[in-house]
>>> print(open('data.cif').read())   # mmCIF, C-alpha atoms
data_coords
#
loop_
_atom_site.label_atom_id
_atom_site.label_comp_id
_atom_site.auth_asym_id
_atom_site.auth_seq_id
_atom_site.Cartn_x
_atom_site.Cartn_y
_atom_site.Cartn_z
CA MET Y 1 49.16 235.58 292.53
CA ASN Y 2 50.47 238.80 291.04
CA PHE Y 3 52.92 239.59 288.23
CA ARG Y 4 55.95 239.65 290.58
CA LYS Y 5 55.15 236.16 291.84
CA TYR Y 6 54.76 234.78 288.32
CA LEU Y 7 58.13 236.39 287.51
CA VAL Y 8 59.73 234.62 290.51
CA LEU Y 9 58.28 231.25 289.37
CA ALA Y 10 59.58 231.96 285.86
CA GLY Y 11 63.01 232.59 287.44
CA VAL Y 12 62.92 229.20 289.22
CA THR Y 13 61.86 227.55 285.95
CA VAL Y 14 64.37 229.21 283.63
CA PHE Y 15 67.52 229.74 285.74
CA ALA Y 16 68.03 226.04 286.70
CA PRO Y 17 67.99 224.42 283.22
CA VAL Y 18 69.92 227.29 281.62
CA GLY Y 19 72.49 227.18 284.46
CA ASP Y 20 72.83 223.39 284.14
CA SER Y 21 73.24 223.65 280.36
CA LEU Y 22 75.92 226.35 280.70
CA LEU Y 23 77.78 224.25 283.31
CA ALA Y 24 77.59 221.17 281.06
CA TYR Y 25 78.86 223.18 278.05
CA GLY Y 26 81.69 224.74 280.09
CA MET Y 27 82.76 221.45 281.69
CA LYS Y 28 82.98 219.82 278.23
CA GLN Y 29 85.52 222.54 277.35
CA VAL Y 30 87.43 222.08 280.62
CA GLY Y 31 87.67 218.30 280.12
CA ASN Y 32 87.78 215.42 282.60
CA ILE Y 33 88.93 216.28 286.13
CA SER Y 34 90.33 213.66 288.50
CA LEU Y 35 89.06 213.62 292.09
CA HIS Y 36 92.70 213.90 293.20
CA ASP Y 37 93.20 217.08 291.18
CA PHE Y 38 91.18 219.50 293.32
CA GLY Y 39 93.06 222.53 291.98
CA SER Y 40 91.73 221.92 288.46
CA LEU Y 41 88.20 221.81 289.85
CA LEU Y 42 88.69 225.28 291.33
CA LEU Y 43 90.25 226.51 288.09
CA ALA Y 44 87.16 225.29 286.19
CA ILE Y 45 85.34 228.35 287.59
CA SER Y 46 87.61 230.55 285.46
CA ASN Y 47 85.92 229.15 282.34
CA PRO Y 48 83.40 231.86 281.35
CA TRP Y 49 80.61 229.34 280.63
CA VAL Y 50 81.07 227.66 284.02
CA GLY Y 51 81.17 231.07 285.72
CA LEU Y 52 77.99 232.16 283.94
CA GLY Y 53 76.35 228.83 284.83
CA ILE Y 54 77.12 229.41 288.52
CA VAL Y 55 75.60 232.93 288.30
CA PHE Y 56 72.40 231.41 286.80
CA LEU Y 57 72.27 228.72 289.51
CA LEU Y 58 72.63 231.43 292.18
CA GLY Y 59 69.70 233.18 290.47
CA PHE Y 60 67.76 229.91 290.67
CA PHE Y 61 68.47 229.55 294.40
CA ALA Y 62 67.40 233.14 295.11
CA SER Y 63 64.16 232.69 293.11
CA TYR Y 64 63.47 229.31 294.73
CA MET Y 65 63.88 230.74 298.25
CA SER Y 66 61.69 233.71 297.35
CA ALA Y 67 58.95 231.40 295.95
CA LEU Y 68 59.05 229.21 299.08
CA SER Y 69 58.58 232.33 301.23
CA TRP Y 70 55.00 232.83 299.90
CA ALA Y 71 53.94 229.51 298.33
CA ASP Y 72 53.57 225.87 299.38
CA LEU Y 73 56.35 223.42 298.57
CA THR Y 74 53.76 221.21 296.81
CA TYR Y 75 52.90 224.21 294.59
CA VAL Y 76 56.43 225.46 293.80
CA LEU Y 77 57.95 222.09 292.83
CA PRO Y 78 55.40 221.02 290.16
CA ALA Y 79 54.90 224.62 288.98
CA SER Y 80 58.63 225.02 288.36
CA SER Y 81 59.04 221.60 286.70
CA LEU Y 82 58.46 223.26 283.32
CA GLY Y 83 62.26 223.55 283.52
CA TYR Y 84 62.45 219.90 282.38
CA VAL Y 85 60.40 220.83 279.33
CA LEU Y 86 62.62 223.85 278.68
CA LEU Y 87 65.73 221.63 278.92
CA ALA Y 88 64.29 219.24 276.29
CA LEU Y 89 63.41 222.18 274.01
CA ILE Y 90 66.96 223.57 274.38
CA ALA Y 91 68.30 220.10 273.52
CA ARG Y 92 66.05 219.86 270.45
CA PHE Y 93 66.26 223.36 268.99
CA ALA Y 94 69.55 224.86 270.27
CA LEU Y 95 71.74 221.76 270.52
CA HIS Y 96 69.94 219.94 267.64
CA GLU Y 97 69.65 216.70 269.62
CA ARG Y 98 67.05 214.08 268.67
CA VAL Y 99 64.06 214.09 271.05
CA SER Y 100 62.25 210.73 271.08
CA LEU Y 101 58.49 210.17 271.06
CA MET Y 102 58.67 208.93 274.69
CA ARG Y 103 60.37 212.18 275.67
CA TRP Y 104 57.64 214.27 273.99
CA LEU Y 105 55.10 212.14 275.89
CA GLY Y 106 57.02 212.87 279.12
CA ILE Y 107 56.98 216.58 278.25
CA SER Y 108 53.19 216.49 277.83
CA LEU Y 109 52.76 214.72 281.21
CA VAL Y 110 54.98 217.28 282.99
CA SER Y 111 53.06 220.12 281.30
CA SER Y 112 49.72 218.60 282.41
CA GLY Y 113 51.04 218.35 285.99
CA VAL Y 114 52.06 222.02 285.88
CA GLY Y 115 48.63 222.91 284.48
CA PHE Y 116 46.90 221.01 287.29
CA VAL Y 117 48.75 222.69 290.15
CA THR Y 118 48.89 226.26 288.82
CA THR Y 119 45.11 226.50 288.55
CA GLY Y 120 44.84 226.06 292.34
CA PRO Y 121 45.83 228.35 295.22
CA GLU Y 122 49.56 228.82 295.86
CA ILE Y 123 49.25 228.48 299.63
CA THR Y 124 47.01 226.22 301.72
CA ARG Y 125 48.89 225.98 304.99
CA ARG Y 126 47.26 227.20 308.17
CA PRO Y 127 48.42 230.73 309.10
CA PRO Y 128 51.35 230.75 311.56
CA ARG Y 129 50.61 231.31 315.23
CA ARG Y 130 52.85 234.36 315.36
CA PRO Y 131 53.56 236.96 312.66
CA THR Y 132 56.48 236.31 310.31
CA ILE Y 133 59.49 238.64 310.31
CA SER Y 134 58.35 240.26 307.05
CA GLU Y 135 55.03 241.17 308.68
CA ASN Y 136 56.38 242.20 312.05
CA PRO Y 137 60.06 243.27 312.30
CA ALA Y 138 59.88 242.90 316.11
CA ALA Y 139 59.41 239.13 315.64
CA GLU Y 140 63.06 238.76 314.63
CA HIS Y 141 64.11 239.48 318.24
CA SER Y 142 61.65 237.02 319.79
CA MET G 143 77.02 188.62 288.43
CA ILE G 144 77.73 189.51 292.09
CA ARG G 145 79.50 192.68 290.97
CA HIS G 146 76.45 193.67 288.93
CA ALA G 147 74.16 193.06 291.94
CA ILE G 148 76.42 195.15 294.20
CA SER G 149 76.45 197.92 291.58
CA ASN G 150 72.64 197.91 291.40
CA LEU G 151 72.31 197.81 295.21
CA ASN G 152 74.69 200.78 295.60
CA ALA G 153 72.82 202.71 292.89
CA TRP G 154 69.44 202.18 294.61
CA LEU G 155 70.93 203.03 298.01
CA ALA G 156 72.22 206.26 296.46
CA ILE G 157 68.77 206.97 294.95
CA LEU G 158 67.21 206.41 298.40
CA ALA G 159 69.78 208.76 299.96
CA VAL G 160 69.08 211.43 297.30
CA VAL G 161 65.31 211.18 297.78
CA VAL G 162 65.48 211.34 301.61
CA SER G 163 68.09 214.12 301.81
CA SER G 164 66.57 216.18 299.00
CA SER G 165 63.04 216.00 300.44
CA SER G 166 64.34 216.81 303.93
CA GLY G 167 66.25 219.76 302.48
CA ASP G 168 63.18 221.08 300.63
CA VAL G 169 60.98 220.75 303.73
CA LEU G 170 63.56 222.49 305.95
CA LEU G 171 64.11 225.31 303.43
CA SER G 172 60.36 225.75 303.01
CA ARG G 173 59.89 225.96 306.79
CA ALA G 174 62.74 228.48 307.06
CA MET G 175 61.28 230.71 304.34
CA LYS G 176 57.78 230.56 305.86
CA GLN G 177 59.26 231.68 309.21
CA ILE G 178 61.00 234.64 307.57
CA GLY G 179 58.02 235.62 305.40
CA ASP G 180 57.74 237.19 301.94
CA LEU G 181 61.35 237.85 300.88
CA GLY G 182 60.28 240.39 298.24
CA ALA G 183 58.45 242.56 300.77
CA LEU G 184 61.27 242.23 303.29
CA ARG G 185 63.96 243.14 300.73
CA ALA G 186 62.00 246.23 299.62
CA ARG G 187 61.76 247.41 303.23
CA ARG G 188 65.12 246.44 304.74
CA GLY G 189 67.49 245.69 301.84
CA ILE G 190 69.10 242.54 300.45
CA ALA G 191 71.90 242.35 303.06
CA PHE G 192 69.33 242.16 305.86
CA VAL G 193 67.45 239.34 304.07
CA VAL G 194 70.67 237.34 303.54
CA LEU G 195 71.64 237.81 307.20
CA LEU G 196 68.20 236.62 308.35
CA MET G 197 68.48 233.52 306.18
CA LEU G 198 71.98 232.71 307.42
CA ARG G 199 70.81 233.02 311.03
CA ASN G 200 67.92 230.61 310.51
CA ARG G 201 68.84 227.08 311.69
CA TYR G 202 66.26 225.41 309.41
CA PHE G 203 67.86 227.17 306.43
CA LEU G 204 71.36 226.00 307.40
CA LEU G 205 70.12 222.42 307.99
CA GLY G 206 68.28 222.52 304.65
CA VAL G 207 71.42 223.62 302.79
CA GLY G 208 73.34 220.82 304.58
CA CYS G 209 70.75 218.26 303.40
CA MET G 210 71.04 219.59 299.84
CA ALA G 211 74.83 219.11 300.01
CA VAL G 212 74.29 215.49 301.18
CA SER G 213 71.83 215.02 298.31
CA PHE G 214 74.36 216.35 295.78
CA TYR G 215 77.15 214.04 296.98
CA SER G 216 74.73 211.05 297.12
CA LEU G 217 73.87 211.78 293.48
CA LEU G 218 77.56 211.85 292.56
CA PHE G 219 78.03 208.54 294.44
CA GLY G 220 75.08 207.02 292.57
CA LEU G 221 76.42 208.23 289.22
CA SER G 222 79.71 206.46 289.91
CA TRP G 223 77.80 203.13 290.25
CA ASN G 224 75.20 203.32 287.49
CA ASP G 225 74.03 205.27 284.45
CA VAL G 226 72.65 208.79 284.66
CA SER G 227 69.61 207.52 282.70
CA LEU G 228 68.62 205.41 285.76
CA ILE G 229 69.81 207.60 288.65
CA GLY G 230 68.57 210.97 287.35
CA PRO G 231 64.91 210.20 286.54
CA ALA G 232 64.46 207.69 289.40
CA ALA G 233 65.77 210.17 291.99
CA ALA G 234 63.90 213.17 290.52
CA SER G 235 60.53 211.43 290.15
CA LEU G 236 60.61 209.72 293.56
CA THR G 237 61.61 213.06 295.12
CA PHE G 238 58.43 214.69 293.74
CA VAL G 239 56.25 212.06 295.42
CA ALA G 240 58.31 212.06 298.65
CA ASN G 241 58.04 215.86 298.79
CA ALA G 242 54.24 215.71 298.58
CA ILE G 243 54.13 213.20 301.48
CA ALA G 244 56.69 215.14 303.56
CA ALA G 245 54.94 218.49 302.94
CA LYS G 246 51.62 217.00 304.13
CA ILE G 247 53.15 215.47 307.29
CA PHE G 248 55.74 218.06 308.35
CA LEU G 249 54.51 221.35 306.82
CA HIS G 250 50.77 220.57 307.22
CA GLU G 251 50.12 221.62 303.63
CA HIS G 252 46.71 220.69 302.26
CA VAL G 253 47.75 218.25 299.51
CA ASP G 254 44.45 217.80 297.68
CA GLY G 255 43.67 215.61 294.65
CA ARG G 256 44.88 218.31 292.27
CA ARG G 257 48.33 218.44 293.91
CA TRP G 258 48.66 214.63 294.12
CA ALA G 259 47.76 214.45 290.44
CA ALA G 260 50.34 217.14 289.63
CA ALA G 261 53.11 215.38 291.61
CA LEU G 262 52.33 211.97 290.02
CA LEU G 263 52.04 213.40 286.48
CA VAL G 264 55.33 215.27 286.81
CA ALA G 265 57.03 212.17 288.34
CA ALA G 266 55.78 209.95 285.48
CA GLY G 267 56.74 212.59 282.91
CA VAL G 268 60.29 212.84 284.31
CA VAL G 269 60.69 209.04 283.99
CA LEU G 270 59.47 209.08 280.36
CA MET G 271 61.80 211.96 279.51
CA ALA G 272 64.77 209.71 280.28
CA PHE G 273 64.01 207.59 277.19
#
>>> encode(input="data.cif", output="structure tokens")
Amino acid sequence: MNFRKYLVLAGVTVFAPVGDSLLAYGMKQVGNISLHDFGSLLLAISNPWVGLGIVFLLGFFASYMSALSWADLTYVLPASSLGYVLLALIARFALHERVSLMRWLGISLVSSGVGFVTTGPEITRRPPRRPTISENPAAEHS
Amino acid sequence: MIRHAISNLNAWLAILAVVVSSSSGDVLLSRAMKQIGDLGALRARRGIAFVVLLMLRNRYFLLGVGCMAVSFYSLLFGLSWNDVSLIGPAAASLTFVANAIAAKIFLHEHVDGRRWAAALLVAAGVVLMAF
């Protein structure tokens, strides 16, 4: 693991909860949308908070794909689950919601899970039989 | 009474659909990205447009995105039948465990005790965070 890889994992962790929060905030402003009113759903994107939320979720997807390109799925998913903790902290300190004792207990369990997995290697899979495209550009034509 | 049972059945069917489609999507996307290789190194050498094109040409990637779309709509279906406090944590925590099993079987990842513990701790933590 190097600094760039930690940065990518941080991207996976941060972009998803922040994007979800921005979408939730924006959609509260837009109001209820009926399933029959598809036009309003498209117009919801014009809300700046919804637009910004979508940008963050695109950032999440890019970081997630990048992390999966060099780490195991069973490493990336628990390692990036700190996002749940971040979401609870946003709820408590930015939105001033009440966070119950059970939720703090849940936060500590998620954090322990993250601690467990991040102390191990990020990849365990057997090496592929042929070189990947990033290692050998000629492989893309095979 | 019967209506309540149908509502619960539909909610759990939706949770099952979310878990299966989400895990399948994650496994397919992971396989696609492993085939392509380190995206950071590839982007530095060939540019972002080339990386995007490679991803869009990969059938596992396209199938994975399709599974994620199914997962999203299954979640919406589930939310129309029961509370988010049941659907959200149940689907998320079961997906963590299903992913560990699927990664071991289909991606041949070495899921050791440490990773099982991580998946189970995170799954339990997600359930508790719903309260």
>>> closest_residue(input="data.cif", among="Y:Val12, Y:Met65, Y:Leu109, Y:Leu22", to="Val207 (chain G)", atoms="all atoms listed in the file")
Y:Met65
>>> closest_atom_pairs(input="data.cif", of="chain G", to="chain Y", cutoff="7 Å", atoms="only C-alpha atoms", output="CSV")
residue,atom,partner,partner_atom,distance
G:Ser172,CA,Y:Leu68,CA,5.4
G:Met175,CA,Y:Ser69,CA,4.4
G:Lys176,CA,Y:Ser69,CA,5.0
G:Gln177,CA,Y:Thr132,CA,5.5
G:Ile178,CA,Y:Ile133,CA,5.1
G:Gly179,CA,Y:Ser134,CA,4.9
G:Asp180,CA,Y:Ser69,CA,5.0
G:Leu181,CA,Y:Ser66,CA,5.5
G:Gly182,CA,Y:Ser66,CA,6.9
G:Ala183,CA,Y:Ser134,CA,6.7
G:Leu184,CA,Y:Ser134,CA,5.2
G:Ala242,CA,Y:Thr74,CA,5.8
G:Ala245,CA,Y:Leu73,CA,6.7
G:His250,CA,Y:Arg125,CA,6.1
G:Glu251,CA,Y:Arg125,CA,4.7
G:His252,CA,Y:Thr124,CA,5.6
G:Arg256,CA,Y:Phe116,CA,6.0
G:Arg257,CA,Y:Val117,CA,5.7
G:Ala259,CA,Y:Gly113,CA,6.8
G:Ala260,CA,Y:Gly113,CA,3.9
G:Ala261,CA,Y:Pro78,CA,6.3
G:Leu263,CA,Y:Gly113,CA,5.1
G:Val264,CA,Y:Val110,CA,4.3
G:Gly267,CA,Y:Gly106,CA,3.8
G:Val268,CA,Y:Gly106,CA,6.1
G:Leu270,CA,Y:Gly106,CA,4.7
G:Met271,CA,Y:Arg103,CA,4.1
G:Ala272,CA,Y:Arg103,CA,6.8
G:Phe273,CA,Y:Met102,CA,6.0
>>> closest_residue(input="data.cif", among="Y:Phe56, Y:Glu122, Y:Ala44, Y:Leu95", to="Val14 (chain Y)", atoms="all atoms listed in the file")
Y:Phe56
>>> atom_distance(input="data.cif", atom1="CA of Asn150 (chain G)", atom2="CA of Gly167 (chain G)")
25.3 Å
>>> resolve_selection(input="data.cif", expression="the PyMOL selection byres ((chain G and resi 217) around 10)", output="PDB file with C-alpha atoms, in the frame of the given file")
ATOM      1  CA  ALA G 153      72.820 202.710 292.890  1.00  0.00           C
ATOM      2  CA  ALA G 156      72.220 206.260 296.460  1.00  0.00           C
ATOM      3  CA  ILE G 157      68.770 206.970 294.950  1.00  0.00           C
ATOM      4  CA  LEU G 158      67.210 206.410 298.400  1.00  0.00           C
ATOM      5  CA  ALA G 159      69.780 208.760 299.960  1.00  0.00           C
ATOM      6  CA  VAL G 160      69.080 211.430 297.300  1.00  0.00           C
ATOM      7  CA  VAL G 161      65.310 211.180 297.780  1.00  0.00           C
ATOM      8  CA  ALA G 211      74.830 219.110 300.010  1.00  0.00           C
ATOM      9  CA  VAL G 212      74.290 215.490 301.180  1.00  0.00           C
ATOM     10  CA  SER G 213      71.830 215.020 298.310  1.00  0.00           C
ATOM     11  CA  PHE G 214      74.360 216.350 295.780  1.00  0.00           C
ATOM     12  CA  TYR G 215      77.150 214.040 296.980  1.00  0.00           C
ATOM     13  CA  SER G 216      74.730 211.050 297.120  1.00  0.00           C
ATOM     14  CA  LEU G 218      77.560 211.850 292.560  1.00  0.00           C
ATOM     15  CA  PHE G 219      78.030 208.540 294.440  1.00  0.00           C
ATOM     16  CA  GLY G 220      75.080 207.020 292.570  1.00  0.00           C
ATOM     17  CA  LEU G 221      76.420 208.230 289.220  1.00  0.00           C
ATOM     18  CA  SER G 222      79.710 206.460 289.910  1.00  0.00           C
ATOM     19  CA  VAL G 226      72.650 208.790 284.660  1.00  0.00           C
ATOM     20  CA  ILE G 229      69.810 207.600 288.650  1.00  0.00           C
ATOM     21  CA  GLY G 230      68.570 210.970 287.350  1.00  0.00           C
ATOM     22  CA  ALA G 233      65.770 210.170 291.990  1.00  0.00           C
TER      23      ALA G 233
END
>>> residues_near_point(input="data.cif", point="(63.0, 214.2, 301.3)", cutoff="7 Å", atoms="all atoms listed in the file", output="list of chain:residue names")
G:Val161, G:Val162, G:Ser163, G:Ser164, G:Ser165, G:Ser166, G:Gly167, G:Asp168, G:Thr237, G:Ala240, G:Asn241, G:Ala244
>>> resolve_selection(input="data.cif", expression="the PyMOL selection byres ((chain Y and resi 49) around 12)", output="MDAnalysis selection string")
chainID Y and resid 18:30 44:48 50:56
>>> atom_distance(input="data.cif", atom1="CA of Glu97 (chain Y)", atom2="CA of Gly11 (chain Y)")
24.8 Å
>>> closest_residue(input="data.cif", among="G:Leu196, G:Val269, G:Tyr202, G:Ile243", to="Pro231 (chain G)", atoms="all atoms listed in the file")
G:Val269
>>> atom_distance(input="data.cif", atom1="CA of Phe248 (chain G)", atom2="CA of Val169 (chain G)")
7.5 Å
>>> axis_aligned_box(input="data.cif", around="region 87-104 of chain Y", padding_each_side="6 Å", output="lines of an AutoDock Vina configuration file")
center_x = 64.7
center_y = 216.9
center_z = 273.3
size_x = 26.1
size_y = 27.9
size_z = 23.3
